[in-house]
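To keep things clear, I will list the structure first and then write my remarks on it.
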Amino acid sequence: MTRRIQAALPGRTGAIAAAIITGETHAIPETDAQAFRDAGLAHILVIAGLHMGMVAGIAFFAIRFGLALFPWLALRLNTKKWAASGALAVTFIYLLLSGITVSSRRSFVMTALVLLAVLIDRLSVSARALAWAALIIILWSPFAVTGPSFQMSFAAVAGLVAFYETFRDRLSASYRDAGHVRRWGLHALGIVFTTVVSTVATTPFTVFHFNRFPLYSVAANILAVPITGLWVLPWAILACLLMPFGGEKLALVPMGWGIEAIAEIARGVTSWPGAALTLPSMPVWGLMVLSLGGFWLLVWRGRWRLLGLAPIAAGYLTLLLPRPPDVLVDSESRVMAVRAANGSYLASTSSRAGLAEETWARRSAVASGPAWPKSGSSDDGTLACDAQACIYRARGRMVAMDRGLGALAEDCGKVDLVVTPVPARGACGGTPVIDRFDTWRNGSYAVWLGPERIQIESVRDWRGQRPWVPWRPPDRRAAIAAAPPSEDLTP
């Protein structure tokens with residue numbers, strides 16, 4: 001299906017159309033994907049609640065309208081329940097097309113509960129339905145709770161459930177007494193409320209996992225979501241129906257017009273000043289405190305639910321606590337980075353430095369600087385290098401980044417910490433060393449320098465001793481084999 005879609009709509013438009021219909025996002029150009037992320041429209045590229053709910057709604061009303069065209073059927077059948085059954089089948093097919101991802105599973109379960117509630121004449125959009133959806137997904141794949149897809153999708157729906165449970169009666173009363181113009185205005189206002197609530201609910205998880213906050217996402221969604229629901233998705237459904245007969249292009253072409261309009265909105269919004277803010281990740285415990293406040297707002301209905309705002313505010317304040325590491329070492333000891341005086345990271349020259357440096361800079365919300373000098377000093381004087389090693393000075397401490405065993409004898413005892421890509425176990429006496437043995441066993445390292453102590457943390461330290469954390473014994477031969485080739489590796 002993806003190949004057929006991209007044959008009918010070449011280039012970026014076809015790639016986005018395939019993402020909406022089949023969930024295949026690999027062909028979307030990175031510049032467009034980044035524009036969607038910075039505009040707060042990335043959810044349009046991922047099959048989730050927006051798509052599943054709209055597809056179910058389109059199928060429901062289309063089937064009910066079709067049955068109403070035949071009076072004999074309309075007078076003898078409960079068309080509402082037949083439409084719910086048909087919409088449930090359509091959304092299940094859509095789930096299979098999506099690849100059954102975490103977000104699409106959650107969306108399908110929530111949508112299925114709504115449609116099943118129609119079949120048994122029950123009100124369904126509630127915290128109970130959300131809890132059932134969470135339980136089903138956790139039983140299916142328990143590890144999903146640690147990922148951004150689970151956290152962000154459930155946070156968005158939880159926020160919407162809490163909001164509309166609080167204001168549903170007022171909004172319903174306003175809608176009943178309104179004329180046509182006012183009803184359209186209330187629909188537009190509903191899009192604004194939904195966008196604002198879901199943005200606020202997912203912001204802490206967006207910042208924690210991606211370190212980006214789209215500042216103008218509300219404006220972008222007000223423009224893009226109606227186009228998606230009223231134009232793009234109806235044509236997408238029709239394209240799927242026509243595809244077995246080879247007529248998908250008839251629907252994909254007008255669908256592409258809507259996609260181009262959304263892409264222009266994304267590019268336009270990201271061109272505004274300060275469109276996306278880069279923020280550091282809050283501590284894990286800060287995210288947990290904030291989530292507890294959101295949970296409190298969800299489960300209670302009385303005025304005391306507002307007490308949940310206190311832990312939410314406390315969680316956001318933890319954004320002020322993190323201090324970026326002064327020294328970073330990747331899991332293979334091939335890439336190192338030090339923090340310059342202006343806050344940017346200077347990375348060692350390596351073919352792999354790009355991805356590691358970008359990740360370190362993004363997680364710490366700092367800029368990426370140039371590669372550190374092969375010889376001489378950096379512009380700020382914090383780093384001095386020669387052919388054998390580099391010396392980093394910060395906060396009254398000295399760290400040696402030695403390229404081989406030859407420099408260890410000179411630096412040991414003169415610095416506060418030695419970082420080296422070669423196996424150097426026991427070669428430095430009492431001076432702390434991060435060598436190839438350590439990174440092979442414990443993963444990447446982060447170092448915070450201070451006048452009183454040096455804090456060193458590895459990936460294994462951060463994970464803790466858990467049954468699912470693999471244990472690597474101190475195998476010298478494996479560490480030497482994994483070390484980068486160098487003339488200084490000879491024992």
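Residue names in the structure tokens use chain letters A, B, ... in the order shown, residue numbers from 1 in each chain, and ligand numbers from 1 in the order shown.
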
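Residues surrounding segment 209-219 of chain A within 8 Å are Arg37, Asp38, Ala39, Gly40, Leu41, Pro148, Val192, Thr195, Val196, Thr199, Thr203, Phe205, Thr206, Val207, Asn221, Ile222, Leu223, Val269, Gly274, Ala275, Ala276, Leu277, Thr278, Leu279, Pro280, Ser281, Arg362, Arg363 and Ala365 of chain A [only C-alpha atoms; sequence separation below 2 positions excluded].
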
Dump as a short mmCIF file (atom, residue, chain, number, x, y, z; two decimals), in the first residue's frame, selection limited to C-alpha atoms:
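Saved as selection.cif:
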```
data_model
loop_
_atom_site.label_atom_id
_atom_site.label_comp_id
_atom_site.auth_asym_id
_atom_site.auth_seq_id
_atom_site.Cartn_x
_atom_site.Cartn_y
_atom_site.Cartn_z
CA ARG A 37 7.72 18.58 15.28
CA ASP A 38 8.59 22.23 15.85
CA ALA A 39 5.07 23.29 14.87
CA GLY A 40 3.47 20.81 17.28
CA LEU A 41 1.97 18.80 14.41
CA PRO A 148 7.15 8.50 25.10
CA VAL A 192 -8.98 25.25 20.68
CA THR A 195 -5.47 21.52 21.48
CA VAL A 196 -4.62 23.58 24.55
CA THR A 199 -0.60 20.37 24.65
CA THR A 203 4.37 19.15 27.50
CA PHE A 205 6.79 14.34 28.54
CA THR A 206 7.69 16.15 25.31
CA VAL A 207 10.37 18.12 27.14
CA ASN A 221 -3.30 22.82 15.36
CA ILE A 222 -6.25 25.20 15.05
CA LEU A 223 -5.43 25.47 11.35
CA VAL A 269 4.67 28.40 11.92
CA GLY A 274 11.24 31.30 18.82
CA ALA A 275 8.99 28.64 17.27
CA ALA A 276 10.58 25.82 19.29
CA LEU A 277 12.30 26.15 22.64
CA THR A 278 15.10 23.81 23.67
CA LEU A 279 14.82 22.79 27.33
CA PRO A 280 16.83 20.36 29.47
CA SER A 281 15.30 17.15 30.71
CA ARG A 362 19.92 18.30 23.05
CA ARG A 363 19.52 16.51 26.38
CA ALA A 365 19.76 22.09 26.17
#
```

Residue neighbourhood segment 316-326 of chain A, 6 Å, only C-alpha atoms, exclusion window fewer than 4 positions, as JSON, numbers by chain: {"A": [282, 286, 338, 339, 364, 446, 447, 448]}

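Distance check against Val253 of chain A using only C-alpha atoms: of A:Ser344, A:Leu241, A:Trp235, A:Asp177, the minimum falls on A:Trp235.
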
Can you work out which one of A:Met110, A:Ala340, A:Leu297, A:Leu307 has the shortest atom-to-atom distance to Val366 of chain A, counting only C-alpha atoms?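 For Val366 of chain A, the nearest of the given residues is A:Ala340.
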
Mind dumping a table of every segment 292-403 of chain A residue within 9 Å of segment 149-165 of chain A, with the nearest atom pair and its distance in Å to one decimal, using only C-alpha atoms, sorted by chain and rising number, as a Markdown table?
```
| residue | atom | partner | partner_atom | distance |
| --- | --- | --- | --- | --- |
| A:Gly294 | CA | A:Gly159 | CA | 7.8 |
| A:Phe295 | CA | A:Ala158 | CA | 8.2 |
| A:Leu297 | CA | A:Ala162 | CA | 6.9 |
| A:Leu298 | CA | A:Ala162 | CA | 5.1 |
| A:Val299 | CA | A:Ala162 | CA | 8.0 |
| A:Trp300 | CA | A:Ala162 | CA | 8.8 |
| A:Arg301 | CA | A:Glu165 | CA | 8.3 |
```

Go ahead and dump the residues you just picked, C-alpha atoms, as a tab-separated table (two decimals), in the first residue's frame.
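File written: part.tsv
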```
chain	number	residue	atom	x	y	z
A	294	GLY	CA	-1.92	15.11	36.86
A	295	PHE	CA	-3.24	11.81	38.19
A	297	LEU	CA	-6.58	16.02	38.80
A	298	LEU	CA	-7.93	13.08	36.83
A	299	VAL	CA	-9.31	10.79	39.55
A	300	TRP	CA	-11.16	13.36	41.69
A	301	ARG	CA	-14.19	15.44	40.78
```

Counting only C-alpha atoms, what is within 12 Å of Val469 of chain A, bar same-chain residues fewer than 6 positions away, as a ChimeraX atom specification? /A:441-443,459-463

Between atom CA of Ile454 of chain A and atom CA of Ala314 of chain A, what is the distance in Å, rounded to a tenth?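 These atoms are spaced 27.9 Å apart.
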
Selection near Leu287 of chain A, 8 Å with only C-alpha atoms, sequence-local residues under 6 positions removed, as a ChimeraX atom specification: /A:204-205,208,315

Compile the contact shell of Ala48 of chain A as a list in words: residues with an atom at most 9 Å away, counting only C-alpha atoms, same-chain residues fewer than 4 positions apart removed.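 Once the nearby chain positions are removed, what remains is His43, Ile44, Met52, Gly53, Thr101, Val102, Ser103, Ser104, Arg105, Arg106, Ser107, Phe108 and Ser153 of chain A.
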
Saved selection, atoms kept: C-alpha atoms, as a compact mmCIF listing (two decimals), in the first residue's frame:
```txt
# COMPACT_ATOMS: atom_id res chain seq x y z
CA HIS A 43 0.95 13.77 15.98
CA ILE A 44 -0.49 14.08 12.47
CA MET A 52 -8.42 6.65 14.94
CA GLY A 53 -11.18 8.84 16.35
CA THR A 101 2.02 0.49 17.57
CA VAL A 102 1.58 1.57 21.20
CA SER A 103 -0.22 4.77 20.27
CA SER A 104 -2.54 3.04 17.78
CA ARG A 105 -3.31 0.26 20.28
CA ARG A 106 -4.25 2.80 22.91
CA SER A 107 -6.34 4.73 20.41
CA PHE A 108 -8.10 1.60 19.18
CA SER A 153 -0.90 9.53 24.44
```

Go through A:Ile136, A:Ile265, A:Ala129, A:Leu290 one by one, measure the shortest atom-to-atom distance of each to Gly308 of chain A using only C-alpha atoms, and give the residue with the smallest value. A:Leu290

Restricting the calculation to only C-alpha atoms, which member of A:Cys390, A:Ile237, A:Gly190, A:Ile137 is positioned closest to Ser375 of chain A?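 Of the candidates, the smallest distance to Ser375 of chain A is held by A:Cys390.
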
A straight line from atom CA of Gly66 of chain A to atom CA of Pro234 of chain A spans 15.3 Å
